[in-house]
$ cat protein.pdb   # PDB, C-alpha atoms and all ligand atoms
ATOM      1  CA  MET V   1     100.244  40.353 -31.218  1.00  0.00           C
ATOM      2  CA  SER V   2      98.581  39.381 -28.005  1.00  0.00           C
ATOM      3  CA  PRO V   3      94.783  39.360 -27.781  1.00  0.00           C
ATOM      4  CA  THR V   4      94.858  42.442 -25.594  1.00  0.00           C
ATOM      5  CA  SER V   5      97.542  44.522 -27.248  1.00  0.00           C
ATOM      6  CA  PRO V   6      96.469  47.153 -29.790  1.00  0.00           C
ATOM      7  CA  LEU V   7      97.399  46.561 -33.396  1.00  0.00           C
ATOM      8  CA  THR V   8     100.134  48.943 -34.441  1.00  0.00           C
ATOM      9  CA  LEU V   9      99.742  49.780 -38.083  1.00  0.00           C
ATOM     10  CA  SER V  10     103.021  50.740 -39.656  1.00  0.00           C
ATOM     11  CA  PRO V  11     104.920  50.337 -42.915  1.00  0.00           C
ATOM     12  CA  ARG V  12     107.499  47.558 -42.816  1.00  0.00           C
ATOM     13  CA  SER V  13     108.817  47.744 -46.336  1.00  0.00           C
ATOM     14  CA  PRO V  14     109.266  50.545 -48.871  1.00  0.00           C
ATOM     15  CA  SER V  15     106.142  49.573 -50.784  1.00  0.00           C
ATOM     16  CA  ALA V  16     103.954  48.791 -47.794  1.00  0.00           C
ATOM     17  CA  ARG V  17     101.220  51.259 -46.972  1.00  0.00           C
ATOM     18  CA  GLN V  18     100.477  52.757 -43.579  1.00  0.00           C
ATOM     19  CA  VAL V  19      97.047  52.973 -42.030  1.00  0.00           C
ATOM     20  CA  SER V  20      96.496  55.909 -39.741  1.00  0.00           C
ATOM     21  CA  LEU V  21      95.143  55.257 -36.270  1.00  0.00           C
ATOM     22  CA  ALA V  22      93.388  58.622 -36.421  1.00  0.00           C
ATOM     23  CA  PRO V  23      89.652  58.671 -37.108  1.00  0.00           C
ATOM     24  CA  ALA V  24      89.017  57.735 -40.701  1.00  0.00           C
ATOM     25  CA  PRO V  25      87.950  60.672 -42.847  1.00  0.00           C
ATOM     26  CA  ASP V  26      84.672  60.640 -44.705  1.00  0.00           C
ATOM     27  CA  PRO V  27      85.363  58.553 -47.810  1.00  0.00           C
ATOM     28  CA  ALA V  28      83.280  60.942 -49.882  1.00  0.00           C
ATOM     29  CA  ALA V  29      85.701  63.715 -48.955  1.00  0.00           C
ATOM     30  CA  HIS V  30      88.555  61.831 -50.544  1.00  0.00           C
ATOM     31  CA  GLY V  31      87.068  62.122 -53.980  1.00  0.00           C
ATOM     32  CA  ARG V  32      88.581  58.702 -54.616  1.00  0.00           C
ATOM     33  CA  ILE V  33      85.461  56.756 -55.434  1.00  0.00           C
ATOM     34  CA  SER V  34      85.702  55.922 -59.086  1.00  0.00           C
ATOM     35  CA  THR V  35      82.451  55.554 -60.963  1.00  0.00           C
ATOM     36  CA  GLY V  36      81.700  53.756 -64.130  1.00  0.00           C
ATOM     37  CA  ALA V  37      83.834  50.708 -63.372  1.00  0.00           C
ATOM     38  CA  ARG V  38      80.755  48.726 -62.507  1.00  0.00           C
ATOM     39  CA  SER V  39      77.589  48.311 -64.446  1.00  0.00           C
ATOM     40  CA  GLY V  40      74.367  48.990 -62.600  1.00  0.00           C
ATOM     41  CA  GLY V  41      75.371  52.353 -61.138  1.00  0.00           C
ATOM     42  CA  ARG V  42      77.161  51.206 -57.961  1.00  0.00           C
ATOM     43  CA  PRO V  43      80.679  52.590 -57.640  1.00  0.00           C
ATOM     44  CA  THR V  44      83.834  50.541 -57.311  1.00  0.00           C
ATOM     45  CA  LEU V  45      85.673  51.839 -54.241  1.00  0.00           C
ATOM     46  CA  GLY V  46      89.164  53.197 -54.779  1.00  0.00           C
ATOM     47  CA  ILE V  47      92.280  51.793 -53.144  1.00  0.00           C
ATOM     48  CA  ASP V  48      92.541  54.611 -50.581  1.00  0.00           C
ATOM     49  CA  VAL V  49      88.988  54.004 -49.417  1.00  0.00           C
ATOM     50  CA  LEU V  50      89.737  50.286 -49.083  1.00  0.00           C
ATOM     51  CA  ILE V  51      92.810  51.123 -46.976  1.00  0.00           C
ATOM     52  CA  ASP V  52      90.556  53.117 -44.655  1.00  0.00           C
ATOM     53  CA  ILE V  53      88.164  50.175 -44.405  1.00  0.00           C
ATOM     54  CA  VAL V  54      90.794  47.532 -43.571  1.00  0.00           C
ATOM     55  CA  GLY V  55      92.395  49.879 -41.060  1.00  0.00           C
ATOM     56  CA  GLY V  56      89.083  50.405 -39.304  1.00  0.00           C
ATOM     57  CA  LEU V  57      88.279  46.709 -39.325  1.00  0.00           C
ATOM     58  CA  ALA V  58      91.702  45.847 -37.911  1.00  0.00           C
ATOM     59  CA  ARG V  59      90.976  48.138 -34.962  1.00  0.00           C
ATOM     60  CA  ALA V  60      87.455  46.688 -34.557  1.00  0.00           C
ATOM     61  CA  GLU V  61      88.999  43.551 -33.106  1.00  0.00           C
ATOM     62  CA  GLU V  62      85.743  42.218 -31.688  1.00  0.00           C
ATOM     63  CA  LEU V  63      84.501  41.770 -35.261  1.00  0.00           C
ATOM     64  CA  TRP V  64      87.262  39.445 -36.387  1.00  0.00           C
ATOM     65  CA  ARG V  65      88.980  37.953 -33.331  1.00  0.00           C
ATOM     66  CA  PRO V  66      86.267  35.333 -32.605  1.00  0.00           C
ATOM     67  CA  HIS V  67      86.590  33.985 -36.154  1.00  0.00           C
ATOM     68  CA  VAL V  68      90.371  33.544 -36.319  1.00  0.00           C
ATOM     69  CA  HIS V  69      91.135  29.963 -37.253  1.00  0.00           C
ATOM     70  CA  HIS V  70      94.100  28.131 -38.734  1.00  0.00           C
ATOM     71  CA  ASP V  71      94.163  24.721 -40.345  1.00  0.00           C
ATOM     72  CA  HIS V  72      97.494  23.196 -41.232  1.00  0.00           C
ATOM     73  CA  LEU V  73      95.811  21.231 -44.035  1.00  0.00           C
ATOM     74  CA  SER V  74      94.440  24.242 -45.916  1.00  0.00           C
ATOM     75  CA  ARG V  75      94.169  28.012 -45.761  1.00  0.00           C
ATOM     76  CA  THR V  76      91.022  29.129 -43.944  1.00  0.00           C
ATOM     77  CA  SER V  77      88.643  31.845 -45.126  1.00  0.00           C
ATOM     78  CA  VAL V  78      85.640  33.474 -43.492  1.00  0.00           C
ATOM     79  CA  ARG V  79      83.442  36.021 -45.260  1.00  0.00           C
ATOM     80  CA  LEU V  80      83.075  38.611 -42.526  1.00  0.00           C
ATOM     81  CA  VAL V  81      81.107  41.375 -44.208  1.00  0.00           C
ATOM     82  CA  ALA V  82      79.180  41.650 -47.458  1.00  0.00           C
ATOM     83  CA  THR V  83      77.800  44.871 -48.901  1.00  0.00           C
ATOM     84  CA  ALA V  84      76.833  45.916 -52.406  1.00  0.00           C
ATOM     85  CA  ALA V  85      80.027  47.951 -52.746  1.00  0.00           C
ATOM     86  CA  TYR V  86      82.600  45.748 -51.027  1.00  0.00           C
ATOM     87  CA  GLU V  87      83.144  42.533 -49.117  1.00  0.00           C
ATOM     88  CA  VAL V  88      85.574  41.510 -46.406  1.00  0.00           C
ATOM     89  CA  TRP V  89      87.317  38.180 -45.884  1.00  0.00           C
ATOM     90  CA  LEU V  90      89.278  37.015 -42.855  1.00  0.00           C
ATOM     91  CA  LEU V  91      92.028  34.592 -43.867  1.00  0.00           C
ATOM     92  CA  GLY V  92      94.118  32.227 -41.753  1.00  0.00           C
ATOM     93  CA  TRP V  93      97.476  31.097 -43.088  1.00  0.00           C
ATOM     94  CA  ALA V  94      99.477  28.253 -41.588  1.00  0.00           C
ATOM     95  CA  PRO V  95     103.197  28.193 -42.401  1.00  0.00           C
ATOM     96  CA  GLY V  96     103.782  27.379 -46.070  1.00  0.00           C
ATOM     97  CA  GLN V  97     100.255  28.160 -47.230  1.00  0.00           C
ATOM     98  CA  GLY V  98      99.682  30.524 -50.144  1.00  0.00           C
ATOM     99  CA  VAL V  99      97.369  31.192 -53.075  1.00  0.00           C
ATOM    100  CA  ASP V 100      99.390  31.056 -56.364  1.00  0.00           C
ATOM    101  CA  LEU V 101      99.610  33.949 -58.785  1.00  0.00           C
ATOM    102  CA  HIS V 102      96.125  35.353 -59.431  1.00  0.00           C
ATOM    103  CA  ASP V 103      94.086  38.435 -60.190  1.00  0.00           C
ATOM    104  CA  HIS V 104      90.843  39.597 -58.611  1.00  0.00           C
ATOM    105  CA  GLY V 105      88.645  39.646 -61.678  1.00  0.00           C
ATOM    106  CA  GLY V 106      88.667  43.445 -61.947  1.00  0.00           C
ATOM    107  CA  ALA V 107      88.190  44.229 -58.254  1.00  0.00           C
ATOM    108  CA  ASN V 108      90.377  46.619 -56.296  1.00  0.00           C
ATOM    109  CA  ALA V 109      91.700  45.166 -53.044  1.00  0.00           C
ATOM    110  CA  ALA V 110      93.539  46.026 -49.860  1.00  0.00           C
ATOM    111  CA  PHE V 111      94.587  43.771 -47.017  1.00  0.00           C
ATOM    112  CA  VAL V 112      96.088  44.141 -43.586  1.00  0.00           C
ATOM    113  CA  VAL V 113      98.183  41.612 -41.689  1.00  0.00           C
ATOM    114  CA  LEU V 114      96.761  41.099 -38.199  1.00  0.00           C
ATOM    115  CA  GLN V 115      99.057  38.404 -36.847  1.00  0.00           C
ATOM    116  CA  GLY V 116     102.262  36.819 -38.049  1.00  0.00           C
ATOM    117  CA  GLU V 117     103.927  37.675 -41.305  1.00  0.00           C
ATOM    118  CA  LEU V 118     103.058  37.311 -44.996  1.00  0.00           C
ATOM    119  CA  GLU V 119     104.954  37.699 -48.244  1.00  0.00           C
ATOM    120  CA  GLU V 120     103.294  39.291 -51.236  1.00  0.00           C
ATOM    121  CA  LEU V 121     104.655  38.432 -54.675  1.00  0.00           C
ATOM    122  CA  THR V 122     103.635  40.790 -57.467  1.00  0.00           C
ATOM    123  CA  LEU V 123     104.042  39.991 -61.157  1.00  0.00           C
ATOM    124  CA  GLY V 124     105.133  43.017 -63.165  1.00  0.00           C
ATOM    125  CA  PHE V 125     106.954  43.805 -66.374  1.00  0.00           C
ATOM    126  CA  ALA V 126     110.297  43.099 -64.668  1.00  0.00           C
ATOM    127  CA  GLY V 127     109.142  39.769 -63.261  1.00  0.00           C
ATOM    128  CA  ILE V 128     108.124  38.961 -59.730  1.00  0.00           C
ATOM    129  CA  THR V 129     108.886  41.311 -56.859  1.00  0.00           C
ATOM    130  CA  THR V 130     108.427  40.332 -53.220  1.00  0.00           C
ATOM    131  CA  GLN V 131     107.602  42.347 -50.147  1.00  0.00           C
ATOM    132  CA  ARG V 132     107.327  41.152 -46.591  1.00  0.00           C
ATOM    133  CA  LEU V 133     104.317  42.308 -44.602  1.00  0.00           C
ATOM    134  CA  ARG V 134     104.229  42.084 -40.825  1.00  0.00           C
ATOM    135  CA  ALA V 135     101.386  42.744 -38.382  1.00  0.00           C
ATOM    136  CA  GLY V 136     100.004  46.192 -39.094  1.00  0.00           C
ATOM    137  CA  ASP V 137     101.271  46.388 -42.666  1.00  0.00           C
ATOM    138  CA  VAL V 138      98.821  46.954 -45.490  1.00  0.00           C
ATOM    139  CA  GLY V 139      99.102  45.593 -49.015  1.00  0.00           C
ATOM    140  CA  THR V 140      97.171  46.973 -51.966  1.00  0.00           C
ATOM    141  CA  VAL V 141      96.155  45.286 -55.199  1.00  0.00           C
ATOM    142  CA  ALA V 142      94.817  47.498 -57.955  1.00  0.00           C
ATOM    143  CA  SER V 143      92.350  46.125 -60.456  1.00  0.00           C
ATOM    144  CA  GLY V 144      94.216  44.101 -63.055  1.00  0.00           C
ATOM    145  CA  ALA V 145      97.265  43.404 -60.900  1.00  0.00           C
ATOM    146  CA  ILE V 146      98.565  39.839 -60.565  1.00  0.00           C
ATOM    147  CA  HIS V 147      99.915  38.751 -57.198  1.00  0.00           C
ATOM    148  CA  ASP V 148     100.315  35.923 -54.727  1.00  0.00           C
ATOM    149  CA  VAL V 149     100.324  35.905 -50.936  1.00  0.00           C
ATOM    150  CA  VAL V 150     102.280  33.315 -48.972  1.00  0.00           C
ATOM    151  CA  ASN V 151     102.978  32.617 -45.334  1.00  0.00           C
ATOM    152  CA  ALA V 152     106.697  32.036 -45.624  1.00  0.00           C
ATOM    153  CA  GLY V 153     107.238  32.302 -41.895  1.00  0.00           C
ATOM    154  CA  SER V 154     107.222  29.694 -39.160  1.00  0.00           C
ATOM    155  CA  ALA V 155     104.117  30.908 -37.305  1.00  0.00           C
ATOM    156  CA  ASP V 156     100.446  31.163 -38.212  1.00  0.00           C
ATOM    157  CA  ALA V 157      99.397  34.397 -39.885  1.00  0.00           C
ATOM    158  CA  THR V 158      96.027  36.149 -40.077  1.00  0.00           C
ATOM    159  CA  SER V 159      94.870  38.883 -42.428  1.00  0.00           C
ATOM    160  CA  ILE V 160      91.777  40.837 -43.460  1.00  0.00           C
ATOM    161  CA  HIS V 161      91.123  41.460 -47.164  1.00  0.00           C
ATOM    162  CA  VAL V 162      88.594  43.856 -48.656  1.00  0.00           C
ATOM    163  CA  TYR V 163      87.480  43.762 -52.282  1.00  0.00           C
ATOM    164  CA  SER V 164      85.460  46.216 -54.344  1.00  0.00           C
ATOM    165  CA  ASP V 165      83.613  45.087 -56.315  1.00  0.00           C
ATOM    166  CA  PRO V 166      82.937  41.974 -54.243  1.00  0.00           C
ATOM    167  CA  LEU V 167      85.180  39.192 -55.491  1.00  0.00           C
ATOM    168  CA  ARG V 168      83.444  36.984 -58.053  1.00  0.00           C
ATOM    169  CA  THR V 169      86.252  35.490 -60.148  1.00  0.00           C
ATOM    170  CA  MET V 170      89.970  34.859 -59.764  1.00  0.00           C
ATOM    171  CA  THR V 171      92.156  34.000 -62.754  1.00  0.00           C
ATOM    172  CA  PHE V 172      95.343  32.099 -61.962  1.00  0.00           C
ATOM    173  CA  TYR V 173      98.582  32.586 -63.896  1.00  0.00           C
ATOM    174  CA  GLU V 174     101.889  30.981 -64.705  1.00  0.00           C
ATOM    175  CA  PRO V 175     104.988  32.904 -63.541  1.00  0.00           C
ATOM    176  CA  ASP V 176     105.374  34.228 -67.113  1.00  0.00           C
ATOM    177  CA  GLY V 177     101.877  35.745 -66.994  1.00  0.00           C
ATOM    178  CA  THR V 178     100.139  33.069 -69.044  1.00  0.00           C
ATOM    179  CA  PRO V 179      96.578  32.549 -67.748  1.00  0.00           C
ATOM    180  CA  ARG V 180      95.944  29.036 -66.407  1.00  0.00           C
ATOM    181  CA  TYR V 181      92.282  28.990 -65.415  1.00  0.00           C
ATOM    182  CA  THR V 182      89.546  31.135 -63.933  1.00  0.00           C
ATOM    183  CA  GLU V 183      87.859  30.197 -60.681  1.00  0.00           C
ATOM    184  CA  ILE V 184      84.360  31.323 -59.749  1.00  0.00           C
ATOM    185  CA  VAL V 185      84.294  32.555 -56.153  1.00  0.00           C
ATOM    186  CA  GLU V 186      81.343  31.012 -54.400  1.00  0.00           C
ATOM    187  CA  GLU V 187      79.075  33.561 -52.752  1.00  0.00           C
ATOM    188  CA  VAL V 188      78.618  32.445 -49.148  1.00  0.00           C
ATOM    189  CA  PRO V 189      76.705  34.206 -46.368  1.00  0.00           C
ATOM    190  CA  ALA V 190      78.672  36.796 -44.429  1.00  0.00           C
ATOM    191  CA  LEU V 191      79.109  36.234 -40.701  1.00  0.00           C
ATOM    192  CA  VAL V 192      78.575  39.808 -39.620  1.00  0.00           C
ATOM    193  CA  SER V 193      74.876  40.283 -38.921  1.00  0.00           C
ATOM    194  CA  SER V 194      72.813  42.811 -40.796  1.00  0.00           C
ATOM    195  CA  ALA V 195      72.606  44.873 -37.590  1.00  0.00           C
ATOM    196  CA  ASP V 196      76.381  45.063 -37.499  1.00  0.00           C
ATOM    197  CA  GLN V 197      76.777  45.978 -41.126  1.00  0.00           C
ATOM    198  CA  ALA V 198      76.134  49.665 -40.575  1.00  0.00           C
ATOM    199  CA  ARG V 199      79.000  49.668 -38.089  1.00  0.00           C
ATOM    200  CA  ALA V 200      81.147  47.706 -40.504  1.00  0.00           C
ATOM    201  CA  LEU V 201      80.642  50.447 -43.078  1.00  0.00           C
ATOM    202  CA  HIS V 202      82.300  52.914 -40.698  1.00  0.00           C
ATOM    203  CA  PRO V 203      84.398  50.640 -38.478  1.00  0.00           C
ATOM    204  CA  SER V 204      87.030  53.135 -37.361  1.00  0.00           C
ATOM    205  CA  VAL V 205      84.386  55.479 -35.970  1.00  0.00           C
ATOM    206  CA  ASP V 206      82.659  52.802 -33.936  1.00  0.00           C
ATOM    207  CA  ALA V 207      85.928  51.247 -32.780  1.00  0.00           C
ATOM    208  CA  ARG V 208      86.568  54.370 -30.689  1.00  0.00           C
ATOM    209  CA  ARG V 209      83.290  54.081 -28.766  1.00  0.00           C
TER     210      ARG V 209
HETATM  211 FE    FE H 301      94.709  38.243 -53.975  1.00  0.00          FE
END

$ encode --input "protein.pdb" --output "structure tokens"
Amino acid sequence: MSPTSPLTLSPRSPSARQVSLAPAPDPAAHGRISTGARSGGRPTLGIDVLIDIVGGLARAEELWRPHVHHDHLSRTSVRLVATAAYEVWLLGWAPGQGVDLHDHGGANAAFVVLQGELEELTLGFAGITTQRLRAGDVGTVASGAIHDVVNAGSADATSIHVYSDPLRTMTFYEPDGTPRYTEIVEEVPALVSSADQARALHPSVDARR
């Protein structure tokens, strides 16, 4: 995708999700916010709400484009937005970089590929299944799911990931599902200023202005 071309969001594989370019509906109207998954009274956002958020952020290119960075020594990560209900990370993947099989410590997640191509490997009862995600494709990771993401292509890839609750732990697994270790995710300041956070909460609306 060139810096000036719009991101076309479309499904590229049978299990990929599509993000509509139409104005995002009011999340409250979805009735998809599950409550009770988090202590303290704040709701964990459902997968469909997270899809709306990553779609809006993908279109709000001015939020993420200045922070795109790739390092052929290690995968890059920038915490773009932090709220009480969700957080957003911008990831840069050089060819060959991946994560290893992991969960999200109970968080729901969705991610969108902005540039390049990624493979998502999901561990299920039948073993590992793989789907290829190209620019505009959205992957979803329900709470409890175990997956890996890898740049198996020959070009750099960039993606935005949203987590609700904000990601605090990741447990890594062997290919047979045996837990290996749990990593505490360090809480770092988000780059998006507090003034921009209101816009980040409704990115698809503001992206049309
Ligand atoms: Fe993940």

$ residues_around --input "protein.pdb" --residues "stretch 109-115 of chain V" --least-positions-apart "4" --cutoff "7 Å" --atoms "only C-alpha atoms" --output "PyMOL selection string"
chain V and resi 1+47+50-51+54+58+133-142+157-164

$ resolve_selection --input "protein.pdb" --expression "the PyMOL selection byres (((chain V and resi 156) around 6) and not hetatm)" --output "ChimeraX atom specification"
/V:93-95,116,155,157

$ write_last_selection --input "protein.pdb" --atoms "C-alpha atoms" --output "PDB file, in the coordinates of the input"
ATOM      1  CA  TRP V  93      97.476  31.097 -43.088  1.00  0.00           C
ATOM      2  CA  ALA V  94      99.477  28.253 -41.588  1.00  0.00           C
ATOM      3  CA  PRO V  95     103.197  28.193 -42.401  1.00  0.00           C
ATOM      4  CA  GLY V 116     102.262  36.819 -38.049  1.00  0.00           C
ATOM      5  CA  ALA V 155     104.117  30.908 -37.305  1.00  0.00           C
ATOM      6  CA  ALA V 157      99.397  34.397 -39.885  1.00  0.00           C
TER       7      ALA V 157
END

$ residues_near_ligand --input "protein.pdb" --ligand "ligand FE 301 (chain H)" --cutoff "7 Å" --atoms "all atoms listed in the file" --output "MDAnalysis selection string"
chainID V and resid 102:104 147:149

$ resolve_selection --input "protein.pdb" --expression "the PyMOL selection byres (((chain V and resi 69) around 6) and not hetatm)" --output "list in words"
Val68, His70 and Gly92 of chain V

$ resolve_selection --input "protein.pdb" --expression "the PyMOL selection byres (((chain V and resi 127) around 12) and not hetatm)" --output "ChimeraX atom specification"
/V:121-126,128-130,146-147,174-177

$ atom_distance --input "protein.pdb" --atom1 "atom CA of V:Glu186" --atom2 "atom CA of V:Arg132"
29.0 Å

$ atom_distance --input "protein.pdb" --atom1 "atom CA of V:Arg79" --atom2 "atom CA of V:Val188"
7.2 Å

$ closest_residue --input "protein.pdb" --among "V:Val99, V:Val185, V:Ala152, V:Leu90" --to "V:Leu118" --atoms "only C-alpha atoms"
V:Ala152

$ axis_aligned_box --input "protein.pdb" --around "stretch 174-192 of chain V" --padding-each-side "6 Å" --output "AutoDock Vina command-line options"
--center_x 91.0 --center_y 34.4 --center_z -54.3 --size_x 40.7 --size_y 22.8 --size_z 41.4

$ atom_distance --input "protein.pdb" --atom1 "atom CA of V:Trp64" --atom2 "atom CA of V:Thr76"
13.3 Å

$ closest_residue --input "protein.pdb" --among "V:Glu187, V:Tyr181, V:Glu117, V:Ala60" --to "V:Gly153" --atoms "all atoms listed in the file"
V:Glu117

$ decode --input "protein.pdb" --residues "stretch 51-74 of chain V" --atoms "N, CA and C atoms" --output "PDB file, in the first residue's frame"
ATOM      1  N   ILE V  51     -13.357  -5.287  16.207  1.00  0.00           N
ATOM      2  CA  ILE V  51     -13.234  -5.197  14.745  1.00  0.00           C
ATOM      3  C   ILE V  51     -13.570  -3.773  14.280  1.00  0.00           C
ATOM      4  N   ASP V  52     -14.603  -3.195  14.860  1.00  0.00           N
ATOM      5  CA  ASP V  52     -14.943  -1.810  14.517  1.00  0.00           C
ATOM      6  C   ASP V  52     -13.784  -0.876  14.856  1.00  0.00           C
ATOM      7  N   ILE V  53     -13.159  -1.099  16.001  1.00  0.00           N
ATOM      8  CA  ILE V  53     -12.084  -0.207  16.439  1.00  0.00           C
ATOM      9  C   ILE V  53     -10.870  -0.321  15.512  1.00  0.00           C
ATOM     10  N   VAL V  54     -10.441  -1.543  15.183  1.00  0.00           N
ATOM     11  CA  VAL V  54      -9.255  -1.657  14.319  1.00  0.00           C
ATOM     12  C   VAL V  54      -9.558  -1.149  12.912  1.00  0.00           C
ATOM     13  N   GLY V  55     -10.800  -1.324  12.464  1.00  0.00           N
ATOM     14  CA  GLY V  55     -11.146  -0.788  11.151  1.00  0.00           C
ATOM     15  C   GLY V  55     -11.075   0.718  11.123  1.00  0.00           C
ATOM     16  N   GLY V  56     -11.583   1.354  12.179  1.00  0.00           N
ATOM     17  CA  GLY V  56     -11.526   2.812  12.258  1.00  0.00           C
ATOM     18  C   GLY V  56     -10.103   3.308  12.369  1.00  0.00           C
ATOM     19  N   LEU V  57      -9.299   2.635  13.172  1.00  0.00           N
ATOM     20  CA  LEU V  57      -7.904   3.056  13.322  1.00  0.00           C
ATOM     21  C   LEU V  57      -7.121   2.878  12.028  1.00  0.00           C
ATOM     22  N   ALA V  58      -7.415   1.818  11.283  1.00  0.00           N
ATOM     23  CA  ALA V  58      -6.722   1.613  10.008  1.00  0.00           C
ATOM     24  C   ALA V  58      -6.998   2.770   9.057  1.00  0.00           C
ATOM     25  N   ARG V  59      -8.229   3.286   9.088  1.00  0.00           N
ATOM     26  CA  ARG V  59      -8.577   4.410   8.216  1.00  0.00           C
ATOM     27  C   ARG V  59      -8.002   5.719   8.744  1.00  0.00           C
ATOM     28  N   ALA V  60      -7.791   5.813  10.060  1.00  0.00           N
ATOM     29  CA  ALA V  60      -7.209   7.030  10.651  1.00  0.00           C
ATOM     30  C   ALA V  60      -5.697   6.959  10.505  1.00  0.00           C
ATOM     31  N   GLU V  61      -5.244   7.017   9.263  1.00  0.00           N
ATOM     32  CA  GLU V  61      -3.840   6.736   8.951  1.00  0.00           C
ATOM     33  C   GLU V  61      -2.875   7.701   9.625  1.00  0.00           C
ATOM     34  N   GLU V  62      -3.330   8.929   9.871  1.00  0.00           N
ATOM     35  CA  GLU V  62      -2.428   9.905  10.487  1.00  0.00           C
ATOM     36  C   GLU V  62      -2.056   9.510  11.910  1.00  0.00           C
ATOM     37  N   LEU V  63      -2.866   8.629  12.520  1.00  0.00           N
ATOM     38  CA  LEU V  63      -2.557   8.182  13.882  1.00  0.00           C
ATOM     39  C   LEU V  63      -1.388   7.203  13.907  1.00  0.00           C
ATOM     40  N   TRP V  64      -1.320   6.339  12.890  1.00  0.00           N
ATOM     41  CA  TRP V  64      -0.327   5.268  12.970  1.00  0.00           C
ATOM     42  C   TRP V  64       0.840   5.430  12.006  1.00  0.00           C
ATOM     43  N   ARG V  65       0.613   6.066  10.866  1.00  0.00           N
ATOM     44  CA  ARG V  65       1.660   6.132   9.836  1.00  0.00           C
ATOM     45  C   ARG V  65       2.991   6.692  10.357  1.00  0.00           C
ATOM     46  N   PRO V  66       2.963   7.779  11.177  1.00  0.00           N
ATOM     47  CA  PRO V  66       4.260   8.324  11.620  1.00  0.00           C
ATOM     48  C   PRO V  66       5.055   7.368  12.510  1.00  0.00           C
ATOM     49  N   HIS V  67       4.409   6.343  13.042  1.00  0.00           N
ATOM     50  CA  HIS V  67       5.080   5.457  13.991  1.00  0.00           C
ATOM     51  C   HIS V  67       5.483   4.117  13.385  1.00  0.00           C
ATOM     52  N   VAL V  68       5.254   3.942  12.090  1.00  0.00           N
ATOM     53  CA  VAL V  68       5.627   2.673  11.448  1.00  0.00           C
ATOM     54  C   VAL V  68       7.144   2.540  11.428  1.00  0.00           C
ATOM     55  N   HIS V  69       7.613   1.409  11.909  1.00  0.00           N
ATOM     56  CA  HIS V  69       9.056   1.183  11.997  1.00  0.00           C
ATOM     57  C   HIS V  69       9.317  -0.316  11.914  1.00  0.00           C
ATOM     58  N   HIS V  70      10.366  -0.677  11.211  1.00  0.00           N
ATOM     59  CA  HIS V  70      10.754  -2.086  11.119  1.00  0.00           C
ATOM     60  C   HIS V  70      12.223  -2.224  11.471  1.00  0.00           C
ATOM     61  N   ASP V  71      12.523  -3.291  12.184  1.00  0.00           N
ATOM     62  CA  ASP V  71      13.888  -3.558  12.614  1.00  0.00           C
ATOM     63  C   ASP V  71      14.170  -5.026  12.294  1.00  0.00           C
ATOM     64  N   HIS V  72      15.145  -5.262  11.456  1.00  0.00           N
ATOM     65  CA  HIS V  72      15.383  -6.633  11.026  1.00  0.00           C
ATOM     66  C   HIS V  72      16.051  -7.474  12.113  1.00  0.00           C
ATOM     67  N   LEU V  73      16.326  -6.854  13.270  1.00  0.00           N
ATOM     68  CA  LEU V  73      16.852  -7.622  14.405  1.00  0.00           C
ATOM     69  C   LEU V  73      15.737  -8.105  15.327  1.00  0.00           C
ATOM     70  N   SER V  74      14.649  -7.338  15.418  1.00  0.00           N
ATOM     71  CA  SER V  74      13.549  -7.765  16.290  1.00  0.00           C
ATOM     72  C   SER V  74      12.258  -7.072  15.885  1.00  0.00           C
TER      73      SER V  74
END
